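Working notes for the structure below.
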Amino acid sequence: MPYPRILLVLAGLWVSACGGEPQPSGPRRFVIGFSQCTVTEPWRVLFNEKLEQASRRHPDVELRILNASDRTEEQVAQMKAFIRQKVDAILISPKEAAGLTRVVREATEAGIPVVVLDRDVHWDGYAAFVGGDNLEIGRAAGRHAVKLLGGAGRARGVVYEICGGLASTPAQQRRDGFHEIVEREPGIVLKGGLDGDWKKDRAHNLFQDALKTLPVVDIVYAHNDPMAHGAFLAARTAGREKAIRFLGIDGIPGEGCTWVKKGELTATFLYPTPGEQGLELALGLLQGRPPAAKRVSLPTATITAENVDDYLP
Ligand code: FRU
């Protein structure tokens, strides 16, 4: 019996909605590779979890997540493997900028769309970037520090800075944005500025040493919450935590927000994980829906004791 004409029309519409050519074995499957620089920090674990959640909403996506364990060479090798496997798209959150630039370019030139997440490289010919505005976050932290120390033009005090991995763009921008604001204040003395590579134990050790030579520290500004908390723990061991205010960045519920709630950090600045938007964007590119803008900037917020409950489950 011939099919009613309406069904044939609907079937035709369905086929064209699914991307033109009828597929003999169901809809097209996309393989998307993700090279994650590390999973040491809980922020990265949350990043991967949210990315996996997003991929489960797309049965047509096969997501391959690799962890480069904080090693640039490992991450370069992972990228080269994705190129050899001819994956359909690549997501990468690079350990550092210089060492990953060439391979991002290689993948792009091999015809694979690359979406760079959170940390940038030194070349912008890739398909898209998704991440927070680290310069603005640094400025927000600077404004907060100035406020805590007496306000613009009157601020006085000693600020000790602990940097993230300085070969990565977020650390450079969090430093530059902060300095832009704080260096306008003649009453603020800036100390530290060493590379803590985003790691809690390194920051703990750096600040433990600093406390021995600095009789007064008013504020610790660390480029992420784990390092801010590492410094807090060192201060507590030295019996000096009550005299110091600690500022961090990330604001995830399990870390920064919990520490703000307990009064261990004075503030944290939200740095949303970019996995979900990165995946949607890559999939859009593969399905012929390029993003409106090549750089997607995720929002931030200042989280203190006053509003922390809004960020806790
Ligand atoms: C995790 C992390 C975060 C930080 C981000 C910067 O590895 O250090 O704490 O906000 O990377 O790229």
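Residue numbering restarts at 1 for every chain of the structure tokens, chains are lettered A, B, ... in their displayed order, and ligands are numbered from 1 as they appear.
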Residue contacts of Leu211 (chain A) (9 Å, only C-alpha atoms) excluding same-chain residues fewer than 5 positions away, as a PDB file with N, CA, C and O atoms, in the first residue's frame:
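That gives us selection15.pdb:
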```pdb
ATOM      1  N   LEU A 206      55.085  28.399  49.964  1.00  0.00           N
ATOM      2  CA  LEU A 206      55.526  29.766  49.660  1.00  0.00           C
ATOM      3  C   LEU A 206      55.148  30.714  50.795  1.00  0.00           C
ATOM      4  O   LEU A 206      55.957  31.537  51.232  1.00  0.00           O
ATOM      5  N   VAL A 216      54.154  41.890  58.882  1.00  0.00           N
ATOM      6  CA  VAL A 216      52.747  42.259  58.656  1.00  0.00           C
ATOM      7  C   VAL A 216      52.329  41.867  57.247  1.00  0.00           C
ATOM      8  O   VAL A 216      53.021  42.180  56.270  1.00  0.00           O
ATOM      9  N   VAL A 217      51.209  41.135  57.153  1.00  0.00           N
ATOM     10  CA  VAL A 217      50.554  40.901  55.862  1.00  0.00           C
ATOM     11  C   VAL A 217      49.075  41.171  56.107  1.00  0.00           C
ATOM     12  O   VAL A 217      48.489  40.635  57.049  1.00  0.00           O
ATOM     13  N   ALA A 234      48.745  27.750  56.126  1.00  0.00           N
ATOM     14  CA  ALA A 234      50.087  28.099  56.613  1.00  0.00           C
ATOM     15  C   ALA A 234      49.978  29.182  57.697  1.00  0.00           C
ATOM     16  O   ALA A 234      50.662  29.121  58.723  1.00  0.00           O
ATOM     17  N   ALA A 235      49.104  30.157  57.457  1.00  0.00           N
ATOM     18  CA  ALA A 235      48.929  31.242  58.434  1.00  0.00           C
ATOM     19  C   ALA A 235      48.346  30.702  59.734  1.00  0.00           C
ATOM     20  O   ALA A 235      48.739  31.109  60.826  1.00  0.00           O
ATOM     21  N   ALA A 238      50.873  29.158  61.815  1.00  0.00           N
ATOM     22  CA  ALA A 238      51.721  30.178  62.443  1.00  0.00           C
ATOM     23  C   ALA A 238      50.932  31.038  63.437  1.00  0.00           C
ATOM     24  O   ALA A 238      51.476  31.980  64.004  1.00  0.00           O
ATOM     25  N   ARG A 240      48.588  33.174  62.725  1.00  0.00           N
ATOM     26  CA  ARG A 240      48.418  34.536  62.209  1.00  0.00           C
ATOM     27  C   ARG A 240      47.205  34.706  61.287  1.00  0.00           C
ATOM     28  O   ARG A 240      47.033  35.756  60.670  1.00  0.00           O
TER      29      ARG A 240
END
```
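Selection of all polymer residues within 8 Å of ligand 1 on the basis of only C-alpha atoms and all ligand atoms gives Cys37, Thr38, Val39, Thr40, Glu41, Pro42, Trp43, Arg44, Ser93, Lys95, Asp118, Arg119, Gly164, Gly165, Ser168, Thr169, Pro170, Ala171, Asp197, Trp198, Lys199, His223, Asn224, Asp225, Pro226, Ile249, Asp250 and Tyr271 of chain A.
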Write out as a ChimeraX atom specification all residues of region 54-210 of chain A that DSSP puts in strand (DSSP E or B) for this structure's backbone. /A:61-67,89-93,114-117,128-132,157-163,188-195
Preceding selection exported with C-alpha atoms as a PDB file, in the first residue's frame:
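Generated output (result_25.pdb):
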```
ATOM      1  CA  VAL A  61      28.461  12.689  20.223  1.00  0.00           C
ATOM      2  CA  GLU A  62      31.260  10.387  21.312  1.00  0.00           C
ATOM      3  CA  LEU A  63      33.415  12.349  23.763  1.00  0.00           C
ATOM      4  CA  ARG A  64      36.998  11.186  24.390  1.00  0.00           C
ATOM      5  CA  ILE A  65      38.489  12.871  27.478  1.00  0.00           C
ATOM      6  CA  LEU A  66      42.234  12.666  28.162  1.00  0.00           C
ATOM      7  CA  ASN A  67      44.129  14.004  31.190  1.00  0.00           C
ATOM      8  CA  ALA A  89      36.571  18.360  16.615  1.00  0.00           C
ATOM      9  CA  ILE A  90      39.003  18.982  19.450  1.00  0.00           C
ATOM     10  CA  LEU A  91      38.532  20.753  22.761  1.00  0.00           C
ATOM     11  CA  ILE A  92      41.675  21.699  24.660  1.00  0.00           C
ATOM     12  CA  SER A  93      42.347  23.413  27.967  1.00  0.00           C
ATOM     13  CA  VAL A 114      39.689  23.370  17.692  1.00  0.00           C
ATOM     14  CA  VAL A 115      37.855  25.057  20.568  1.00  0.00           C
ATOM     15  CA  VAL A 116      40.255  26.391  23.203  1.00  0.00           C
ATOM     16  CA  LEU A 117      38.908  26.441  26.758  1.00  0.00           C
ATOM     17  CA  ALA A 128      36.707  29.473  18.952  1.00  0.00           C
ATOM     18  CA  PHE A 129      37.589  30.252  22.563  1.00  0.00           C
ATOM     19  CA  VAL A 130      35.387  29.866  25.651  1.00  0.00           C
ATOM     20  CA  GLY A 131      36.513  31.121  29.053  1.00  0.00           C
ATOM     21  CA  GLY A 132      36.260  33.680  31.819  1.00  0.00           C
ATOM     22  CA  GLY A 157      48.490  47.791  53.751  1.00  0.00           C
ATOM     23  CA  VAL A 158      50.657  44.885  52.664  1.00  0.00           C
ATOM     24  CA  VAL A 159      49.309  42.546  49.978  1.00  0.00           C
ATOM     25  CA  TYR A 160      51.011  39.217  49.296  1.00  0.00           C
ATOM     26  CA  GLU A 161      50.273  37.770  45.834  1.00  0.00           C
ATOM     27  CA  ILE A 162      50.546  34.084  44.894  1.00  0.00           C
ATOM     28  CA  CYS A 163      50.430  33.555  41.134  1.00  0.00           C
ATOM     29  CA  ILE A 188      49.638  49.558  49.226  1.00  0.00           C
ATOM     30  CA  VAL A 189      52.836  47.524  49.303  1.00  0.00           C
ATOM     31  CA  LEU A 190      52.755  44.526  46.989  1.00  0.00           C
ATOM     32  CA  LYS A 191      54.868  41.484  47.929  1.00  0.00           C
ATOM     33  CA  GLY A 192      55.269  37.938  46.621  1.00  0.00           C
ATOM     34  CA  GLY A 193      54.304  37.383  42.980  1.00  0.00           C
ATOM     35  CA  LEU A 194      55.932  33.946  42.842  1.00  0.00           C
ATOM     36  CA  ASP A 195      54.606  31.096  40.705  1.00  0.00           C
TER      37      ASP A 195
END
```
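Of note, CA of Ile252 (chain A) and CA of Tyr311 (chain A) are spaced 8.0 Å apart.
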Can you tell me, as a compact mmCIF listing (two decimals) with all heavy atoms, in the first residue's frame, what residues are no more than 8 Å from His179 (chain A) when counting only C-alpha atoms, ignoring any on the same chain fewer than 6 positions away?
```txt
# COMPACT_ATOMS: atom_id res chain seq x y z
N GLY A 138 40.88 39.86 37.67
CA GLY A 138 42.02 40.45 38.38
C GLY A 138 41.68 41.86 38.86
O GLY A 138 41.99 42.23 40.00
N ARG A 139 41.01 42.63 38.01
CA ARG A 139 40.63 43.99 38.40
C ARG A 139 39.62 43.96 39.55
O ARG A 139 39.71 44.75 40.49
CB ARG A 139 39.99 44.73 37.22
CG ARG A 139 40.97 45.08 36.12
CD ARG A 139 40.24 45.90 35.05
NE ARG A 139 41.09 46.14 33.90
CZ ARG A 139 40.77 45.82 32.65
NH1 ARG A 139 39.61 45.24 32.36
NH2 ARG A 139 41.60 46.08 31.66
N GLY A 142 41.37 43.31 42.62
CA GLY A 142 42.11 44.52 43.00
C GLY A 142 41.19 45.53 43.66
O GLY A 142 41.52 46.11 44.71
```
Alpha helix (DSSP H) call set, DSSP backbone run, region 90-266 of chain A, as an MDAnalysis selection string: chainID A and resid 98:109 134:148 169:182 200:213 225:237 258:261
8 Å contact set for Val103 (chain A), only C-alpha atoms, chain neighbours under 6 positions out, as number ranges by chain: A: 76, 79-80
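When only C-alpha atoms are used to compute distances to Ala77 (chain A), the closest of the residues A:Ala210, A:Leu166, A:Ile137, A:Leu100 turns out to be A:Leu100.
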Just the residues within 8 Å of Glu185 (chain A), please, counting only C-alpha atoms, with nothing from its chain fewer than 4 positions along; format it as a ChimeraX atom specification. /A:146,152-156,181
State, in Å with one decimal place, the distance from CA of Ala145 (chain A) to CA of Val182 (chain A). 7.8 Å
Mind checking which residues fall within 10 Å of Glu49 (chain A), counting only C-alpha atoms, ignoring those fewer than 4 positions away in the same chain, and posting them as a ChimeraX atom specification? /A:43-45,53-55,273,275-276
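Distances to Glu52 (chain A) were evaluated for A:Gln287, A:Asn134, A:Gln75, A:Gln277 using only C-alpha atoms, and the minimum falls at A:Gln277.
Nearest residue to Thr302 (chain A) among A:Phe269, A:Phe82, A:Tyr221, A:Phe30 is A:Phe269, counting only C-alpha atoms.
From CA of Lys212 (chain A) back to CA of Lys200 (chain A), the distance works out to 18.9 Å.
Proximity ranking of A:Ala231, A:Ala243, A:Ala305, A:Leu283 relative to Gly33 (chain A) places A:Leu283 first, based on only C-alpha atoms.
Distance check against Gly125 (chain A) using only C-alpha atoms: of A:Arg295, A:Ala222, A:Arg57, A:Asn48, the minimum falls on A:Arg295.
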Using only C-alpha atoms, which of A:Gly239, A:Arg71, A:Asp209, A:Ala127 sits nearest Pro290 (chain A)? A:Ala127
Do you know which residues are at most 8 Å from Asp88 (chain A) counting only C-alpha atoms, after dropping those on the same chain fewer than 2 positions away, and could you put them as a list in words? Phe30, Val31, Ile32, Lys86, Ile90, Ile112, Pro113 and Leu286 of chain A
Based on the selection just made, write C-alpha atoms of those residues as a compact mmCIF listing (two decimals), in the first residue's frame.
```txt
# COMPACT_ATOMS: atom_id res chain seq x y z
CA PHE A 30 30.63 13.00 15.91
CA VAL A 31 33.82 12.13 17.72
CA ILE A 32 35.02 15.02 19.89
CA LYS A 86 40.92 12.27 12.54
CA ILE A 90 39.00 18.98 19.45
CA ILE A 112 39.90 19.88 12.58
CA PRO A 113 37.98 22.65 14.36
CA LEU A 286 30.09 20.47 13.10
```
